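upload-v9.txt follows (compact mmCIF, C-alpha atoms):
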# COMPACT_ATOMS: atom_id res chain seq x y z
CA MET A 1 33.13 20.64 -29.57
CA ARG A 2 31.58 18.97 -26.55
CA ASP A 3 33.70 21.09 -24.22
CA LEU A 4 32.58 24.24 -26.01
CA ALA A 5 28.94 23.18 -25.65
CA PHE A 6 29.34 22.57 -21.91
CA ALA A 7 31.19 25.86 -21.40
CA LEU A 8 28.62 27.85 -23.39
CA PHE A 9 25.71 26.23 -21.54
CA LEU A 10 27.25 27.04 -18.15
CA LEU A 11 28.02 30.63 -19.17
CA VAL A 12 24.44 31.18 -20.32
CA PHE A 13 23.07 29.53 -17.17
CA ILE A 14 25.27 31.67 -14.90
CA GLY A 15 24.65 34.81 -16.96
CA ILE A 16 20.87 34.51 -16.60
CA GLY A 17 21.38 33.69 -12.93
CA LEU A 18 23.05 37.06 -12.37
CA ARG A 19 19.65 38.63 -13.12
CA ARG A 20 17.61 35.90 -11.41
CA PRO A 21 19.64 34.76 -8.34
CA PHE A 22 17.66 31.55 -7.79
CA LEU A 23 18.84 30.25 -11.17
CA LEU A 24 22.37 30.15 -9.74
CA VAL A 25 21.05 27.73 -7.11
CA LEU A 26 19.69 25.54 -9.90
CA ALA A 27 23.00 25.89 -11.75
CA TYR A 28 24.85 24.41 -8.78
CA CYS A 29 22.36 21.54 -8.60
CA TYR A 30 23.12 20.85 -12.27
CA VAL A 31 26.88 20.91 -11.65
CA ASP A 32 26.56 18.66 -8.60
CA ILE A 33 24.31 16.06 -10.27
CA VAL A 34 25.60 15.89 -13.85
CA ALA A 35 29.20 16.84 -12.98
CA PRO A 36 30.05 18.39 -16.38
CA GLN A 37 33.67 18.75 -15.25
CA ARG A 38 33.95 14.95 -15.48
CA LEU A 39 32.58 15.00 -19.03
CA SER A 40 34.98 17.68 -20.20
CA TYR A 41 38.43 17.18 -21.69
CA PHE A 42 40.15 20.50 -20.99
CA LEU A 43 37.86 23.55 -20.69
CA VAL A 44 35.40 22.93 -17.87
CA ASN A 45 37.56 20.47 -15.95
CA SER A 46 40.44 22.95 -15.77
CA LEU A 47 38.48 25.22 -13.42
CA PRO A 48 36.93 24.57 -9.97
CA ILE A 49 33.44 24.87 -11.48
CA SER A 50 31.66 23.43 -8.46
CA LEU A 51 33.29 25.89 -6.06
CA ILE A 52 32.71 28.85 -8.40
CA VAL A 53 29.00 28.16 -8.91
CA PHE A 54 28.54 27.39 -5.19
CA GLY A 55 30.09 30.73 -4.28
CA LEU A 56 27.94 32.57 -6.82
CA ALA A 57 24.74 30.88 -5.58
CA VAL A 58 25.39 31.64 -1.91
CA GLY A 59 26.66 35.16 -2.65
CA ALA A 60 23.63 36.00 -4.80
CA TRP A 61 21.31 34.80 -2.06
CA LEU A 62 23.13 36.81 0.61
CA PHE A 63 23.36 40.11 -1.26
CA ILE A 64 20.56 40.09 -3.86
CA ASP A 65 17.77 37.67 -3.06
CA GLU A 66 14.92 38.54 -0.70
CA LYS A 67 14.98 36.90 2.71
CA LYS A 68 11.76 38.09 4.34
CA ASP A 69 10.16 34.61 4.25
CA VAL A 70 13.22 32.64 5.35
CA ARG A 71 12.54 29.90 7.90
CA PHE A 72 15.01 27.59 9.69
CA SER A 73 13.39 24.24 10.46
CA MET A 74 14.04 21.46 12.93
CA ARG A 75 15.35 19.19 10.15
CA GLN A 76 17.89 21.80 9.13
CA PHE A 77 19.03 21.83 12.75
CA LEU A 78 19.46 18.05 12.51
CA LEU A 79 21.57 18.54 9.39
CA VAL A 80 23.75 21.03 11.28
CA LEU A 81 24.16 18.51 14.11
CA LEU A 82 25.10 15.79 11.63
CA LEU A 83 27.60 18.10 9.92
CA ILE A 84 29.28 18.98 13.22
CA TYR A 85 29.29 15.38 14.44
CA CYS A 86 30.80 14.05 11.20
CA GLY A 87 33.48 16.73 11.44
CA LEU A 88 34.34 15.57 14.96
CA THR A 89 34.51 11.88 14.03
CA THR A 90 36.75 12.77 11.07
CA GLN A 91 39.26 14.30 13.48
CA SER A 92 39.52 11.01 15.40
CA ALA A 93 38.99 8.61 12.51
CA ASP A 94 40.63 5.18 12.39
CA PHE A 95 41.94 6.00 8.92
CA PRO A 96 42.60 9.76 8.87
CA ILE A 97 43.71 10.11 5.24
CA GLU A 98 40.80 8.13 3.77
CA ALA A 99 38.36 9.85 6.15
CA ALA A 100 39.58 13.27 5.07
CA ALA A 101 39.02 12.33 1.42
CA LYS A 102 35.38 11.42 2.06
CA TRP A 103 34.85 14.41 4.33
CA SER A 104 35.99 16.68 1.47
CA TRP A 105 32.69 16.06 -0.36
CA VAL A 106 30.36 15.04 2.48
CA TRP A 107 30.48 18.44 4.15
CA LYS A 108 29.51 20.09 0.87
CA ALA A 109 26.46 17.82 0.49
CA LEU A 110 25.35 18.51 4.07
CA LEU A 111 25.98 22.25 3.83
CA TRP A 112 24.04 22.45 0.57
CA GLY A 113 21.18 20.54 2.18
CA ILE A 114 21.14 23.13 4.99
CA PHE A 115 21.31 26.13 2.65
CA LEU A 116 18.96 25.03 -0.14
CA PRO A 117 15.65 25.24 1.82
CA LEU A 118 16.41 28.89 2.64
CA THR A 119 15.99 29.75 -1.03
CA LEU A 120 12.66 27.91 -1.53
CA ARG A 121 10.30 30.79 -0.72
CA THR A 122 7.63 30.17 -3.37
CA LYS A 123 5.75 27.33 -5.01
CA LEU A 124 7.43 28.16 -8.31
CA ARG A 125 10.88 27.74 -6.79
CA ILE A 126 9.92 24.42 -5.21
CA GLU A 127 8.69 23.13 -8.56
CA ALA A 128 11.73 24.54 -10.39
CA LEU A 129 14.10 22.68 -8.08
CA ALA A 130 12.19 19.41 -8.49
CA LEU A 131 12.15 19.84 -12.26
CA THR A 132 15.87 20.66 -12.43
CA MET A 133 16.76 17.60 -10.36
CA ILE A 134 14.65 15.35 -12.60
CA LEU A 135 16.05 16.76 -15.85
CA CYS A 136 19.64 16.53 -14.60
CA ALA A 137 19.18 12.92 -13.51
CA SER A 138 17.37 12.14 -16.78
CA SER A 139 20.44 13.13 -18.79
CA ILE A 140 22.16 10.12 -17.19
CA ILE A 141 19.13 7.83 -17.09
CA ILE A 142 18.12 8.29 -20.74
CA THR A 143 21.65 7.40 -21.81
CA GLY A 144 21.51 4.20 -19.77
CA GLY A 145 18.03 3.36 -21.06
CA ILE A 146 19.11 3.68 -24.70
CA LYS A 147 22.17 1.51 -24.13
CA THR A 148 20.07 -1.10 -22.35
CA LEU A 149 17.59 -1.28 -25.25
CA ALA A 150 20.53 -1.60 -27.63
CA GLY A 151 21.75 -4.67 -25.74
CA GLY A 152 24.49 -3.01 -23.72
CA GLY A 153 25.12 -3.03 -20.01
CA GLY A 154 26.11 -5.63 -17.49
CA TYR A 155 27.05 -5.56 -13.83
CA GLY A 156 29.94 -3.14 -13.43
CA ALA A 157 30.14 -2.68 -17.20
CA MET A 158 27.39 -0.13 -17.90
CA GLN A 159 29.00 3.16 -18.91
CA LEU A 160 26.66 6.13 -18.78
CA LEU A 161 27.79 9.60 -19.85
CA VAL A 162 31.33 8.95 -18.64
CA ASN A 163 33.47 6.01 -17.59
CA ASP A 164 33.25 6.79 -13.88
CA ASN A 165 32.12 4.72 -10.94
CA SER A 166 31.21 7.46 -8.48
CA GLY A 167 28.20 9.63 -7.75
CA LEU A 168 25.13 8.89 -9.87
CA TYR A 169 27.36 7.17 -12.41
CA GLU A 170 27.72 4.10 -10.17
CA GLY A 171 25.35 1.27 -11.12
CA SER A 172 23.66 0.54 -7.79
CA ILE A 173 23.29 4.24 -6.92
CA ILE A 174 21.71 5.26 -10.23
CA SER A 175 19.43 2.21 -10.05
CA CYS A 176 18.13 3.31 -6.64
CA VAL A 177 17.81 6.99 -7.61
CA ALA A 178 16.17 6.22 -10.99
CA ILE A 179 13.34 4.29 -9.34
CA ALA A 180 13.03 6.75 -6.45
CA ILE A 181 12.36 9.73 -8.73
CA ILE A 182 9.53 8.05 -10.67
CA PRO A 183 6.84 9.40 -8.26
CA ILE A 184 8.22 12.93 -8.70
CA ILE A 185 8.23 12.53 -12.49
CA LEU A 186 4.58 11.48 -12.43
CA TYR A 187 3.72 14.43 -10.18
CA LEU A 188 5.34 16.95 -12.55
CA ALA A 189 3.57 15.34 -15.51
CA LYS A 190 0.20 16.02 -13.91
CA TYR A 191 0.61 19.10 -11.73
CA GLY A 192 3.61 20.92 -13.20
CA THR A 193 3.21 24.55 -14.28
CA ILE A 194 6.62 25.41 -15.73
CA PHE A 195 5.91 22.97 -18.55
CA ALA A 196 2.17 22.72 -18.98
CA PRO A 197 1.10 19.06 -18.64
CA ASP A 198 -0.01 18.55 -22.26
CA TRP A 199 0.45 15.37 -24.31
CA ARG A 200 4.11 16.15 -25.08
CA VAL A 201 5.05 16.55 -21.43
CA LYS A 202 3.18 13.40 -20.46
CA LEU A 203 4.74 11.43 -23.31
CA PHE A 204 8.22 12.50 -22.21
CA ALA A 205 7.40 11.71 -18.57
CA TYR A 206 6.14 8.20 -19.34
CA ALA A 207 9.12 7.53 -21.60
CA LEU A 208 11.44 8.74 -18.84
CA CYS A 209 9.72 6.43 -16.33
CA PHE A 210 10.30 3.56 -18.76
CA ALA A 211 13.98 4.53 -19.01
CA CYS A 212 14.16 4.58 -15.19
CA LEU A 213 12.81 1.02 -15.09
CA LEU A 214 15.42 -0.02 -17.67
CA ILE A 215 18.34 1.21 -15.55
CA PRO A 216 18.30 -1.75 -13.09
CA ILE A 217 18.23 -4.09 -16.11
CA GLY A 218 21.19 -2.38 -17.76
CA THR A 219 23.25 -2.11 -14.59
CA GLN A 220 22.06 -5.53 -13.33
CA ALA A 221 22.03 -4.10 -9.82
CA ARG A 222 19.89 -6.14 -7.44
CA THR A 223 19.23 -2.95 -5.48
CA GLY A 224 17.18 -1.70 -8.43
CA LEU A 225 14.94 -4.76 -8.40
CA VAL A 226 14.23 -4.29 -4.69
CA CYS A 227 13.40 -0.61 -5.35
CA ILE A 228 11.01 -1.57 -8.15
CA ALA A 229 9.21 -3.92 -5.76
CA ALA A 230 8.96 -1.09 -3.21
CA LEU A 231 7.58 1.24 -5.88
CA ALA A 232 4.95 -1.32 -6.90
CA ILE A 233 3.78 -1.71 -3.28
CA LEU A 234 3.63 2.07 -2.74
CA MET A 235 1.57 2.58 -5.90
CA LEU A 236 -0.85 -0.05 -4.64
CA ARG A 237 -1.69 2.23 -1.70
CA PHE A 238 -3.27 4.88 -3.94
CA THR A 239 -4.85 2.58 -6.52
CA ASN A 240 -8.64 2.36 -6.48
CA HIS A 241 -8.86 -0.96 -8.32
CA ARG A 242 -6.20 -2.91 -6.49
CA PHE A 243 -7.05 -6.37 -7.77
CA ALA A 244 -6.95 -5.12 -11.35
CA TYR A 245 -3.64 -3.38 -10.63
CA VAL A 246 -2.09 -6.55 -9.21
CA ALA A 247 -3.37 -8.62 -12.16
CA ILE A 248 -2.00 -6.16 -14.73
CA ALA A 249 1.34 -5.89 -12.92
CA CYS A 250 1.74 -9.67 -12.74
CA GLY A 251 0.74 -10.03 -16.40
CA ALA A 252 3.24 -7.36 -17.46
CA LEU A 253 5.96 -9.11 -15.47
CA LEU A 254 5.25 -12.47 -17.10
CA VAL A 255 5.31 -10.87 -20.54
CA ALA A 256 8.56 -9.00 -19.83
CA ILE A 257 10.58 -11.91 -18.40
CA PRO A 258 11.24 -13.65 -21.77
CA PHE A 259 12.65 -10.40 -23.16
CA LEU A 260 15.06 -9.82 -20.27
CA PRO A 261 18.75 -10.66 -20.81
CA SER A 262 19.73 -14.02 -19.37
CA SER A 263 22.61 -12.38 -17.51
CA PHE A 264 20.07 -10.16 -15.71
CA THR A 265 17.75 -13.01 -14.70
CA ASP A 266 20.71 -15.12 -13.57
CA ARG A 267 21.99 -12.33 -11.35
CA MET A 268 18.56 -11.55 -9.91
CA SER A 269 18.07 -15.24 -9.07
CA THR A 270 21.00 -15.01 -6.63
CA ILE A 271 18.75 -12.99 -4.29
CA LYS A 272 17.02 -16.17 -3.10
CA GLU A 273 20.36 -18.02 -2.92
CA TYR A 274 22.27 -15.34 -1.04
CA LYS A 275 24.10 -17.89 1.12
CA ALA A 276 25.75 -19.30 -2.02
CA ASP A 277 26.49 -15.87 -3.50
CA GLU A 278 29.89 -14.58 -2.38
CA SER A 279 28.91 -10.91 -2.75
CA ALA A 280 25.77 -11.29 -0.64
CA SER A 281 27.49 -13.52 1.94
CA THR A 282 30.27 -10.96 2.28
CA ARG A 283 27.74 -8.22 2.96
CA VAL A 284 26.09 -10.20 5.73
CA ALA A 285 29.50 -10.90 7.28
CA VAL A 286 30.44 -7.20 7.10
CA TRP A 287 27.15 -6.23 8.73
CA LYS A 288 27.85 -8.64 11.60
CA TRP A 289 31.34 -7.17 11.97
CA THR A 290 29.93 -3.61 11.97
CA TRP A 291 27.40 -4.48 14.65
CA ASP A 292 30.16 -5.83 16.91
CA TYR A 293 32.42 -2.89 16.05
CA ALA A 294 29.72 -0.40 17.09
CA LYS A 295 29.40 -2.10 20.46
CA GLU A 296 33.11 -1.49 21.10
CA HIS A 297 33.15 1.95 19.41
CA PRO A 298 29.74 3.50 20.18
CA PHE A 299 30.78 6.87 18.74
CA GLY A 300 31.96 5.37 15.45
CA GLY A 301 35.30 5.06 13.77
CA GLY A 302 35.01 7.92 11.30
CA PHE A 303 34.63 7.72 7.54
CA ASP A 304 35.87 4.53 5.87
CA ALA A 305 36.19 2.69 9.19
CA PHE A 306 35.32 -0.49 7.27
CA ARG A 307 38.95 -0.64 6.11
CA GLY A 308 39.82 -2.20 9.43
CA ASN A 309 37.52 -5.21 9.09
CA VAL A 310 38.76 -8.77 8.74
CA ILE A 311 35.96 -11.24 8.09
CA ARG A 312 35.66 -14.99 7.84
CA TYR A 313 32.50 -16.80 6.87
CA ASP A 314 31.27 -20.04 5.33
CA ARG A 315 29.78 -19.74 1.88
CA ALA A 316 27.26 -22.38 0.88
CA SER A 317 28.14 -24.23 -2.31
CA THR A 318 26.06 -23.65 -5.41
CA LYS A 319 24.14 -26.40 -7.19
CA ASP A 320 26.97 -26.81 -9.70
CA GLU A 321 29.57 -27.12 -6.94
CA GLY A 322 27.68 -29.80 -5.03
CA SER A 323 26.76 -29.87 -1.35
CA GLY A 324 28.78 -28.46 1.50
CA SER A 325 30.40 -25.10 2.13
CA GLN A 326 33.75 -23.39 1.92
CA GLU A 327 35.49 -20.89 4.17
CA VAL A 328 36.08 -17.43 2.73
CA ASN A 329 38.53 -14.90 4.22
CA ASP A 330 38.34 -11.23 3.30
CA LYS A 331 39.20 -7.80 4.66
CA SER A 332 38.54 -4.10 4.12
CA ARG A 333 35.13 -4.76 2.57
CA ALA A 334 32.70 -1.83 2.30
CA TYR A 335 29.44 -1.77 4.24
CA HIS A 336 27.08 -2.02 1.24
CA SER A 337 24.34 -0.59 3.44
CA SER A 338 23.66 3.01 4.44
CA TYR A 339 22.36 1.89 7.84
CA PHE A 340 25.54 0.03 8.72
CA GLU A 341 27.61 2.75 7.05
CA MET A 342 26.21 5.27 9.52
CA LEU A 343 26.49 2.85 12.44
CA GLY A 344 30.12 1.96 11.74
CA GLU A 345 31.35 5.42 10.77
CA GLN A 346 29.29 7.72 13.03
CA GLY A 347 28.27 5.37 15.82
CA TYR A 348 24.95 5.42 17.63
CA PRO A 349 24.65 9.24 17.88
CA GLY A 350 25.28 9.79 14.17
CA PHE A 351 22.96 6.96 13.21
CA MET A 352 20.15 8.35 15.38
CA ILE A 353 20.51 11.86 13.90
CA TRP A 354 20.49 10.47 10.35
CA PHE A 355 17.55 8.15 11.05
CA LEU A 356 15.53 10.90 12.76
CA LEU A 357 16.22 13.18 9.79
CA HIS A 358 14.54 10.70 7.45
CA ILE A 359 11.71 9.58 9.72
CA SER A 360 10.71 13.18 10.44
CA GLY A 361 10.54 13.80 6.69
CA LEU A 362 8.16 10.88 6.22
CA VAL A 363 5.98 12.17 9.08
CA GLN A 364 5.88 15.73 7.74
CA MET A 365 4.92 14.60 4.24
CA GLU A 366 2.20 12.36 5.70
CA ILE A 367 0.81 15.30 7.68
CA LEU A 368 0.59 17.45 4.53
CA HIS A 369 -0.96 14.61 2.56
CA ARG A 370 -3.69 13.94 5.12
CA LYS A 371 -4.42 17.61 5.62
CA TYR A 372 -4.86 18.48 1.93
CA LYS A 373 -5.93 15.24 0.28
CA ARG A 374 -9.62 16.23 0.31
CA THR A 375 -9.21 19.96 -0.22
CA THR A 376 -11.53 21.64 -2.71
CA ARG A 377 -9.40 24.75 -3.06
CA GLU A 378 -8.01 25.04 -6.56
CA ASP A 379 -4.77 26.67 -5.38
CA MET A 380 -4.07 23.79 -2.95
CA MET A 381 -4.79 20.77 -5.16
CA TRP A 382 -1.06 20.28 -5.76
CA VAL A 383 -0.03 19.98 -2.09
CA SER A 384 -1.11 16.41 -1.28
CA PRO A 385 0.25 14.87 -4.54
CA LEU A 386 3.63 16.54 -4.04
CA ALA A 387 3.79 15.36 -0.42
CA VAL A 388 3.02 11.80 -1.50
CA SER A 389 5.57 11.85 -4.33
CA LEU A 390 8.35 13.14 -2.05
CA GLN A 391 7.39 10.64 0.65
CA ASN A 392 7.42 7.73 -1.80
CA ALA A 393 10.77 8.84 -3.21
CA GLN A 394 12.23 8.84 0.29
CA ILE A 395 10.73 5.44 1.16
CA ILE A 396 12.20 3.90 -2.00
CA TYR A 397 15.57 5.39 -1.10
CA LEU A 398 15.36 4.03 2.45
CA VAL A 399 14.57 0.56 1.05
CA GLY A 400 17.30 0.71 -1.59
CA CYS A 401 19.96 2.02 0.76
CA LEU A 402 19.59 -1.14 2.82
CA PHE A 403 21.90 -2.71 0.23
CA VAL A 404 24.09 0.18 -0.94
CA GLY A 405 26.16 2.68 1.04
CA ILE A 406 24.67 6.03 0.00
CA ALA A 407 23.98 7.64 3.36
CA PHE A 408 25.66 10.86 2.17
CA GLN A 409 24.62 10.83 -1.50
CA PRO A 410 24.21 14.56 -2.44
CA PHE A 411 21.12 13.90 -4.60
CA VAL A 412 19.30 12.48 -1.59
CA TYR A 413 20.07 15.58 0.46
CA MET A 414 18.56 17.68 -2.33
CA ILE A 415 15.36 15.66 -1.95
CA ILE A 416 15.51 16.27 1.81
CA ALA A 417 16.05 19.99 1.18
CA LEU A 418 13.07 19.96 -1.19
CA GLN A 419 10.94 18.40 1.55
CA ILE A 420 12.14 20.98 4.09
CA GLY A 421 11.45 23.91 1.76
CA PHE A 422 8.03 22.51 0.91
CA TRP A 423 7.17 22.00 4.60
CA THR A 424 8.31 25.48 5.71
CA TYR A 425 6.51 27.10 2.77
CA MET A 426 3.22 25.42 3.67
CA ARG A 427 3.63 26.26 7.35
CA ARG A 428 4.16 29.90 6.45
CA ARG A 429 1.10 29.87 4.19
CA GLU A 430 -1.00 28.38 6.98
CA HIS A 431 0.18 30.97 9.51
CA GLU A 432 -0.54 33.82 7.08
CA GLU A 433 -4.04 32.50 6.38
CA ASN A 434 -4.75 32.06 10.09
CA TRP A 435 -3.74 35.64 10.85
CA ARG A 436 -5.71 36.88 7.84
CA SER A 437 -8.86 35.09 9.03
CA ILE A 438 -8.43 36.55 12.52
CA ALA A 439 -8.01 40.02 11.07
CA ASP A 440 -11.11 39.57 8.89
CA ARG A 441 -13.17 38.51 11.88
CA LEU A 442 -12.02 41.52 13.89
CA VAL A 443 -12.85 43.89 11.04
CA SER A 444 -16.26 42.36 10.39
CA LYS A 445 -17.23 42.25 14.11
CA PRO A 446 -20.08 44.78 14.72
CA LYS A 447 -19.33 47.64 17.07
CA ILE A 448 -21.31 47.96 20.30
CA VAL A 449 -23.01 51.36 20.51

In C-alpha cells, write the structure found in this file.
Amino acid sequence: MRDLAFALFLLVFIGIGLRRPFLLVLAYCYVDIVAPQRLSYFLVNSLPISLIVFGLAVGAWLFIDEKKDVRFSMRQFLLVLLLIYCGLTTQSADFPIEAAAKWSWVWKALLWGIFLPLTLRTKLRIEALALTMILCASSIIITGGIKTLAGGGGYGAMQLLVNDNSGLYEGSIISCVAIAIIPIILYLAKYGTIFAPDWRVKLFAYALCFACLLIPIGTQARTGLVCIAALAILMLRFTNHRFAYVAIACGALLVAIPFLPSSFTDRMSTIKEYKADESASTRVAVWKWTWDYAKEHPFGGGFDAFRGNVIRYDRASTKDEGSGSQEVNDKSRAYHSSYFEMLGEQGYPGFMIWFLLHISGLVQMEILHRKYKRTTREDMMWVSPLAVSLQNAQIIYLVGCLFVGIAFQPFVYMIIALQIGFWTYMRRREHEENWRSIADRLVSKPKIV
C-alpha cells in the first residue's frame, strides 16, 4: 500500500508538471531530498526514478519553459569550475574505485546546482522552491521529532523514515540541516504567499521549528548542539531587546535540561573533554594528517583520499580511568569536517573554489539585506527577510560542517541555487527599473522650441 501511495503521488506530480514545467523541477527536488526509492519495496525502487525525473525537468525547461530572463551568474561559473576540477581529481584519485562511487552522485548535485537557478525567473518560483525544500525535509524531521518525544533515538540508533545512514537520513547531517532551515521556515511563516500566513500556517511552522530542535536530541549528534548555538547567536543580531532575549533563552535552557535524556547530556558533555573522547581525538588527529597530506599533495588526492591515512595519537584518560593517557592507532578514518574534506580530496584549488562559492553567497545576501532593509515599497518588503534567512541558513551550515563531512551534500547546493536565483532575479529587477526610470525621464523631458 505504501508503494502504491508513493507511485500515485509521483505520477500525479509528474502529470501536473507536464502542464507546468517548473513543477517537474520541484518533483526532482522531492526525489533527491526524500528519496522515495529508498522507502519503496518493489514499485518505485525498481525504476531509475531520479534519472527519469531529472531528464523530464531538464527537457521541459529546454523545450517548453520560457528562457527570456535567464541569467548565468559568477557563482554558477564557480560551480562549473568545481565540477570540472572534481572530475579531473577523480581521474587521478588515490583510490579510483571508491572515488568513482562518490563521483557518481557528486556530479549530479553540482550539475543540479548549476541548472536550478536558470529556472528561478519569478518570485513565485523562488518561494515555491524554498517551500518544497522545507516540506520535503520536514517529512524526515517530523518523524524524528515524534520518535524523540516518544523516548526513542540515540547516537547511531535513530531511524527516520528508513533504516539508512546516508543523505539526510544520517544523524549528524539531518541535525545540521534541521537547524539550518529554521530561519527559512520562519520567513515562510511570515512572508509566504503560496500558503497565506494565517494562524494555521504559523502553528505548523512553530511546531516544525520545535521538531527541528528535537532532532539533535534524538540523534545525539554534537554537531546539532553547535548549530543551535550558532542559531541563537544569529537571532541575537536582529533582536531589539537583546538582554530580555538572552535572559529568556538561558531560562528556557535551564528549564529544559532536567527533561533531556541522560544519554544526551552525557554525550554533549564530551565536547569540553574532547581530549578524553576517542571520537573527538580521532578527528583532531585526522585533521592534522590531512593538513600534512595537503602540503605533499597540493592538488588533492581525489574523493575518499582519507582511506590512506594511518594515525597515532595519545588519548587522555577519563575521570573513571584515572590519570595518564594511552596510545591509540587507527587508519582509514573519515575527515569529519567539510573543510578538511575539501582540502584532502580537492587540494588547495578545490578548497578555494568551494570556499569562495560560500563566502560570495554570504556577501550577496548581505548586500540585498542592507539595500532593502529600510524599504517602504510594499512589493519589496520580502527581499531583506529572505536574504537574511538564506544567509543565516548558510552560516549555520558553515559552522556545522566544521564537524561533519558534507561539502557535497545535495540539499546544501539547493540552498546555494536558491541564493543564486534570488540574486539574479533581484539584479534583473533593478536593471529593468533603472531603464524604466531613464525612459520615463526622457519622455517627460520638455522639448525645446

Query raised in the report: For A:Tyr41, which residue out of A:Lys67, A:Lys102, A:Val162, A:Ala387 is the nearest one, using all atoms listed in the file?
Result: A:Val162

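One distance worth recording is that between atom CA of A:Val363 and atom CA of A:Ser389, which is 13.4 Å.
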
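Interatomic distance, atom CA of A:Lys288 to atom CA of A:Ala99: 22.0 Å.
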
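Atom CA of A:Arg370 to atom CA of A:Cys209 spans 26.4 Å [interatomic distance, one decimal].
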
Requested in this report: Might you pull out every residue within 12 Å of A:Leu343, with only C-alpha atoms counted and same-chain residues fewer than 4 positions away left off, and present them as a PyMOL selection string?
Outcome: chain A and resi 287-306+335+337-339+347-355+405+407

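Minimum atom-to-atom distance to A:Arg307, evaluated using only C-alpha atoms, belongs to A:Phe95 out of A:Phe95, A:Tyr28, A:Phe72, A:Phe115.
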
Report summary line: Nearest to A:Trp103, restricted to only C-alpha atoms and choosing among A:Lys202, A:Leu398, A:Phe408, A:His431, comes out as A:Phe408

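Ranking A:Val399, A:Ala189, A:Ile134, A:Leu214 by their shortest atom-to-atom distance to A:Ala230, with all atoms listed in the file included, puts A:Val399 first.
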
Please give the centre and size of the box around stretch 429-438 of chain A (axis-aligned, containing every atom listed in the file, 3 Å added per side), with values in Å to one decimal and written as JSON.
{"center_x": -3.9, "center_y": 32.6, "center_z": 8.4, "size_x": 16.0, "size_y": 14.5, "size_z": 14.3}

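Using only C-alpha atoms, the shortest contact distance between A:Thr132 and any of A:Leu356, A:Pro48, A:Arg333, A:Cys29 is found at A:Cys29.
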
Can you sort out stretch 82-97 of chain A so it carries N, CA and C atoms, written as a CSV table (one decimal), keeping the file's coordinate frame?
chain,number,residue,atom,x,y,z
A,82,LEU,N,24.4,16.9,12.3
A,82,LEU,CA,25.1,15.8,11.6
A,82,LEU,C,26.4,16.3,11.0
A,83,LEU,N,26.4,17.5,10.5
A,83,LEU,CA,27.6,18.1,9.9
A,83,LEU,C,28.7,18.3,11.0
A,84,ILE,N,28.3,18.8,12.1
A,84,ILE,CA,29.3,19.0,13.2
A,84,ILE,C,29.8,17.6,13.7
A,85,TYR,N,28.9,16.7,13.9
A,85,TYR,CA,29.3,15.4,14.4
A,85,TYR,C,30.2,14.7,13.5
A,86,CYS,N,29.9,14.7,12.2
A,86,CYS,CA,30.8,14.0,11.2
A,86,CYS,C,32.2,14.7,11.2
A,87,GLY,N,32.2,16.0,11.4
A,87,GLY,CA,33.5,16.7,11.4
A,87,GLY,C,34.3,16.3,12.6
A,88,LEU,N,33.6,16.0,13.8
A,88,LEU,CA,34.3,15.6,15.0
A,88,LEU,C,34.9,14.2,14.8
A,89,THR,N,34.0,13.3,14.2
A,89,THR,CA,34.5,11.9,14.0
A,89,THR,C,35.6,11.8,13.0
A,90,THR,N,35.7,12.7,12.1
A,90,THR,CA,36.8,12.8,11.1
A,90,THR,C,38.1,13.1,11.7
A,91,GLN,N,38.0,13.9,12.8
A,91,GLN,CA,39.3,14.3,13.5
A,91,GLN,C,39.9,13.1,14.2
A,92,SER,N,39.0,12.2,14.6
A,92,SER,CA,39.5,11.0,15.4
A,92,SER,C,39.3,9.7,14.6
A,93,ALA,N,39.3,9.8,13.3
A,93,ALA,CA,39.0,8.6,12.5
A,93,ALA,C,40.1,7.5,12.6
A,94,ASP,N,39.7,6.3,12.4
A,94,ASP,CA,40.6,5.2,12.4
A,94,ASP,C,41.6,5.3,11.2
A,95,PHE,N,41.1,5.8,10.1
A,95,PHE,CA,41.9,6.0,8.9
A,95,PHE,C,41.9,7.5,8.5
A,96,PRO,N,42.7,8.3,9.0
A,96,PRO,CA,42.6,9.8,8.9
A,96,PRO,C,42.7,10.2,7.4
A,97,ILE,N,43.6,9.7,6.6
A,97,ILE,CA,43.7,10.1,5.2
A,97,ILE,C,42.5,9.8,4.4
